[in-house]
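Okay, so here's the structure we're looking at.
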Amino acid sequence: MTKKERALNAIEVLKKEYPEAICSLNSSNPFELLVAVRLSAQCTDARVNLVTPALFEKYKTLDDYCNADVKDIEELIHSCGFYKSKATSIIDMAKGVRDRFGGVVPNNIDDLITLNGVGRKTANLIVGDVYGKESIVVDTHMIRIANRIGLVNEKDPKKIEFALKKIIPSEEGSDFCHRIVLFGRDICSARKPKCDICPMEYNCKKVGLK
């Protein structure tokens with residue numbers, strides 16, 4: 001199979017396994033999603049979802065974040081790790097969105113990555129989930145699985161993003177990435193993949209990994 005054929009096959013397999021492709025992070029508006037993704041760095045989504053309710057209850061508007069005391073945010077997000085840098089970047093993100101983008105979270109990657117703490121992974125998630133645009137979120141699950149099933153032979157996240165955008169239909173990218181995360185947690189884990197029940201065993205065998 002070509003890489004494009006592998007990609008289309010993987011899309012269909014994962015659609016059957018995970019028909020509801022939803023983001024694991026809870027949020028009620030674009031800026032809350034931006035905050036949740038920032039908190040998820042070096043932290044599980046489950047932990048972030050335990051932390052954000054109190055944060056979102058206290059800080060309801062962009063101005064609330066802009067005027068926040070960094071120490072207060074640090075206390076609320078402490079258990080997510082790297083809380084000092086995350087708290088600082090959350091406030092800076094809010095000010096950037098307010099002062100440079102009229103209070104609206106940008107709808108494109110180039111603008112998003114100018115915000116403090118926002119990299120391409122976060123930017124792709126926002127443009128895909130919030131604005132329905134072409135996106136490929138390259139996290140540790142995607143790096144591992146895209147290589148295992150023969151879609152790429154590359155470890156650099158940006159190179160993987162652009163390589164996958166060539167073979168994943170633009171309308172499928174966002175959902176595919178969410179499904180990859182679910183698949184990575186359930187079956188294709190880093191240390192002990194459950195190869196005996198893997199629905200993509202065919203792809204994996206074809207690239208000689210088993």
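Identifiers for the structure tokens are assigned positionally: chains receive A, B, ... in sequence, residues are indexed from 1 per chain, and ligands are indexed from 1 in the order shown.
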Exercise. Tell me which protein, DNA and RNA residues are within 10 Å of Phe176 of chain A, counting only C-alpha atoms, leaving out same-chain ones fewer than 5 positions away, and put them as a ChimeraX atom specification.
Key: /A:7,10-12,14-15,18,21-22,135-137,142,168-169,171,181-182
Write to file, as a compact mmCIF listing (two decimals), in the first residue's frame, the residues of the selection just made, with C-alpha atoms.
```txt
# COMPACT_ATOMS: atom_id res chain seq x y z
CA ALA A 7 -3.84 6.66 5.83
CA ALA A 10 -6.41 3.87 9.20
CA ILE A 11 -9.10 6.57 9.04
CA GLU A 12 -11.81 4.01 8.31
CA LEU A 14 -10.53 4.23 13.63
CA LYS A 15 -13.95 5.57 12.63
CA TYR A 18 -14.15 5.44 17.87
CA ALA A 21 -14.10 11.74 17.83
CA ILE A 22 -14.09 14.32 20.59
CA SER A 135 -5.37 20.52 11.11
CA ILE A 136 -3.03 17.78 12.24
CA VAL A 137 -2.22 17.69 15.95
CA MET A 142 0.66 10.69 16.80
CA ILE A 168 -4.90 12.80 5.29
CA PRO A 169 -7.96 14.44 3.68
CA GLU A 171 -11.88 17.24 6.36
CA VAL A 181 -5.17 9.69 20.96
CA LEU A 182 -7.95 7.32 22.02
```
Quiz item: Which neighbours of Ile109 of chain A fall inside 12 Å, counting only C-alpha atoms, when residues of the same chain fewer than 6 positions from it are skipped, and could you give them as a list in words?
Solution: Leu115, Val118, Gly119, Arg120, Lys121, Thr122, Ala123, Asn124, Leu125, Ile126, Val127, Gly128, Tyr131, Lys133, Glu134, Ser135, Ile136 and Val137 of chain A
Write the residues of the preceding selection, restricted to C-alpha atoms, as a CSV table (one decimal), in the first residue's frame.
```
chain,number,residue,atom,x,y,z
A,115,LEU,CA,0.8,33.8,21.7
A,118,VAL,CA,1.2,28.3,22.0
A,119,GLY,CA,3.1,25.9,19.7
A,120,ARG,CA,2.0,24.2,16.5
A,121,LYS,CA,0.3,21.3,18.3
A,122,THR,CA,-1.9,23.7,20.3
A,123,ALA,CA,-2.5,25.9,17.3
A,124,ASN,CA,-3.6,22.9,15.1
A,125,LEU,CA,-6.0,21.8,17.8
A,126,ILE,CA,-7.6,25.2,18.0
A,127,VAL,CA,-8.0,25.7,14.2
A,128,GLY,CA,-9.4,22.2,13.8
A,131,TYR,CA,-12.8,26.7,13.4
A,133,LYS,CA,-10.1,24.1,9.4
A,134,GLU,CA,-7.5,21.6,8.2
A,135,SER,CA,-5.4,20.5,11.1
A,136,ILE,CA,-3.0,17.8,12.2
A,137,VAL,CA,-2.2,17.7,15.9
```
Self-check item: Contacts of Ile145 of chain A within 9 Å, only C-alpha atoms, excl. fewer than 5 positions in-chain, as a list in words
Solution: Thr140, Gly150, Leu151, Ile180, Phe183, Gly184, Cys188, Ser189 and Ala190 of chain A
Need to verify the contact set: Arg6 of chain A, 12 Å, only C-alpha atoms, exclusion of same-chain residues closer than 5 positions in sequence. Can you return it as a compact mmCIF listing (two decimals) with C-alpha atoms, in the first residue's frame?
```
# COMPACT_ATOMS: atom_id res chain seq x y z
CA MET A 1 0.00 0.00 0.00
CA ILE A 11 -9.10 6.57 9.04
CA GLU A 12 -11.81 4.01 8.31
CA VAL A 13 -10.61 1.56 10.96
CA ALA A 146 2.03 7.38 12.59
CA ASN A 147 5.46 5.78 12.48
CA ARG A 148 4.22 2.36 13.58
CA ILE A 149 1.54 2.12 10.92
CA GLY A 150 3.77 3.37 8.14
CA LEU A 151 2.37 6.84 7.53
CA VAL A 152 5.69 8.54 8.22
CA LEU A 164 0.37 13.87 7.19
CA ILE A 167 -2.05 12.13 2.84
CA ILE A 168 -4.90 12.80 5.29
CA MET A 200 -4.81 -1.92 12.66
CA GLU A 201 -2.68 -5.02 12.91
CA TYR A 202 -2.70 -5.29 9.13
CA ASN A 203 -1.07 -1.91 8.63
CA CYS A 204 1.46 -2.58 11.36
CA LYS A 205 2.49 -5.98 10.03
CA LYS A 206 2.95 -4.54 6.57
CA VAL A 207 5.64 -2.17 7.83
```
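Ranking A:Pro53, A:Asp72, A:Gly96, A:Ser174 by their shortest atom-to-atom distance to Ser28 of chain A, with only C-alpha atoms included, puts A:Pro53 first.
Between atom CA of Ile187 of chain A and atom CA of Glu161 of chain A lies a distance of 22.4 Å.
Distances here use only C-alpha atoms; by that measure, the residue among A:Val130, A:Ala54, A:Ser89, A:His78 closest to Asn108 of chain A is A:Val130.
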Practice problem: Could you give me the residues within segment 33-69 of chain A that DSSP places in helix (DSSP H, G or I), as a list in words? | Solution: Leu33, Leu34, Val35, Ala36, Val37, Arg38, Leu39, Asp45, Ala46, Arg47, Val48, Asn49, Leu50, Val51, Thr52, Pro53, Ala54, Leu55, Phe56, Glu57, Lys58, Leu62, Asp63, Asp64, Tyr65 and Cys66 of chain A
Selection from above, N, CA and C atoms, as an mmCIF file, in the first residue's frame, can you write it?
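In the end it all went to selection.cif:
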```
data_model
loop_
_atom_site.group_PDB
_atom_site.id
_atom_site.type_symbol
_atom_site.label_atom_id
_atom_site.label_comp_id
_atom_site.auth_asym_id
_atom_site.auth_seq_id
_atom_site.Cartn_x
_atom_site.Cartn_y
_atom_site.Cartn_z
ATOM 1 N N LEU A 33 -10.435 26.390 25.883
ATOM 2 C CA LEU A 33 -9.725 25.282 25.240
ATOM 3 C C LEU A 33 -8.241 25.602 25.133
ATOM 4 N N LEU A 34 -7.931 26.841 24.790
ATOM 5 C CA LEU A 34 -6.535 27.266 24.705
ATOM 6 C C LEU A 34 -5.842 27.086 26.058
ATOM 7 N N VAL A 35 -6.518 27.467 27.130
ATOM 8 C CA VAL A 35 -5.970 27.312 28.477
ATOM 9 C C VAL A 35 -5.795 25.838 28.821
ATOM 10 N N ALA A 36 -6.802 25.033 28.519
ATOM 11 C CA ALA A 36 -6.739 23.615 28.842
ATOM 12 C C ALA A 36 -5.584 22.921 28.123
ATOM 13 N N VAL A 37 -5.382 23.282 26.865
ATOM 14 C CA VAL A 37 -4.279 22.681 26.113
ATOM 15 C C VAL A 37 -2.938 23.102 26.699
ATOM 16 N N ARG A 38 -2.846 24.355 27.099
ATOM 17 C CA ARG A 38 -1.592 24.817 27.731
ATOM 18 C C ARG A 38 -1.324 24.031 29.004
ATOM 19 N N LEU A 39 -2.347 23.772 29.789
ATOM 20 C CA LEU A 39 -2.178 23.027 31.034
ATOM 21 C C LEU A 39 -1.817 21.561 30.784
ATOM 22 N N ASP A 45 -4.605 14.606 30.360
ATOM 23 C CA ASP A 45 -5.864 15.311 30.133
ATOM 24 C C ASP A 45 -6.813 15.106 31.308
ATOM 25 N N ALA A 46 -6.770 13.921 31.894
ATOM 26 C CA ALA A 46 -7.639 13.629 33.039
ATOM 27 C C ALA A 46 -7.344 14.577 34.197
ATOM 28 N N ARG A 47 -6.075 14.819 34.465
ATOM 29 C CA ARG A 47 -5.695 15.738 35.534
ATOM 30 C C ARG A 47 -6.145 17.162 35.199
ATOM 31 N N VAL A 48 -5.958 17.564 33.954
ATOM 32 C CA VAL A 48 -6.375 18.910 33.541
ATOM 33 C C VAL A 48 -7.876 19.086 33.764
ATOM 34 N N ASN A 49 -8.642 18.066 33.424
ATOM 35 C CA ASN A 49 -10.093 18.159 33.579
ATOM 36 C C ASN A 49 -10.534 18.215 35.037
ATOM 37 N N LEU A 50 -9.673 17.781 35.944
ATOM 38 C CA LEU A 50 -9.962 17.916 37.364
ATOM 39 C C LEU A 50 -9.671 19.336 37.872
ATOM 40 N N VAL A 51 -8.723 19.977 37.201
ATOM 41 C CA VAL A 51 -8.262 21.298 37.626
ATOM 42 C C VAL A 51 -9.088 22.438 37.033
ATOM 43 N N THR A 52 -9.479 22.295 35.774
ATOM 44 C CA THR A 52 -10.092 23.434 35.078
ATOM 45 C C THR A 52 -11.460 23.877 35.602
ATOM 46 N N PRO A 53 -12.293 23.019 36.171
ATOM 47 C CA PRO A 53 -13.585 23.541 36.647
ATOM 48 C C PRO A 53 -13.450 24.709 37.621
ATOM 49 N N ALA A 54 -12.580 24.588 38.595
ATOM 50 C CA ALA A 54 -12.394 25.681 39.562
ATOM 51 C C ALA A 54 -11.780 26.903 38.890
ATOM 52 N N LEU A 55 -10.846 26.677 37.972
ATOM 53 C CA LEU A 55 -10.209 27.782 37.248
ATOM 54 C C LEU A 55 -11.232 28.525 36.402
ATOM 55 N N PHE A 56 -12.029 27.767 35.642
ATOM 56 C CA PHE A 56 -13.009 28.385 34.758
ATOM 57 C C PHE A 56 -14.160 29.032 35.535
ATOM 58 N N GLU A 57 -14.427 28.528 36.723
ATOM 59 C CA GLU A 57 -15.466 29.135 37.547
ATOM 60 C C GLU A 57 -15.023 30.497 38.073
ATOM 61 N N LYS A 58 -13.746 30.610 38.415
ATOM 62 C CA LYS A 58 -13.235 31.868 38.954
ATOM 63 C C LYS A 58 -12.951 32.878 37.862
ATOM 64 N N LEU A 62 -12.159 37.033 29.388
ATOM 65 C CA LEU A 62 -10.783 37.316 29.000
ATOM 66 C C LEU A 62 -10.169 38.351 29.931
ATOM 67 N N ASP A 63 -10.941 39.355 30.274
ATOM 68 C CA ASP A 63 -10.433 40.392 31.187
ATOM 69 C C ASP A 63 -10.123 39.819 32.569
ATOM 70 N N ASP A 64 -10.893 38.836 32.999
ATOM 71 C CA ASP A 64 -10.610 38.192 34.283
ATOM 72 C C ASP A 64 -9.195 37.614 34.277
ATOM 73 N N TYR A 65 -8.829 36.968 33.191
ATOM 74 C CA TYR A 65 -7.477 36.396 33.083
ATOM 75 C C TYR A 65 -6.429 37.499 32.972
ATOM 76 N N CYS A 66 -6.724 38.512 32.190
ATOM 77 C CA CYS A 66 -5.764 39.605 32.004
ATOM 78 C C CYS A 66 -5.440 40.299 33.326
#
```
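Taking atom CA of Gly132 of chain A and atom CA of Asn116 of chain A as the two end points, the separation is 22.9 Å.
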Practice problem: Take atom CA of His178 of chain A and atom CA of Cys23 of chain A and report the distance between them in Å, one decimal. | Solution: 6.1 Å
Practice problem: Between A:Arg179, A:Phe162, A:Pro30, A:Ser40, single out the one closest to Val105 of chain A, counting only C-alpha atoms. | Solution: A:Pro30
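For the choices A:Glu32, A:Phe101, A:Cys177, A:Val138, the atom-to-atom distance to Lys159 of chain A is smallest for A:Val138 when using only C-alpha atoms.
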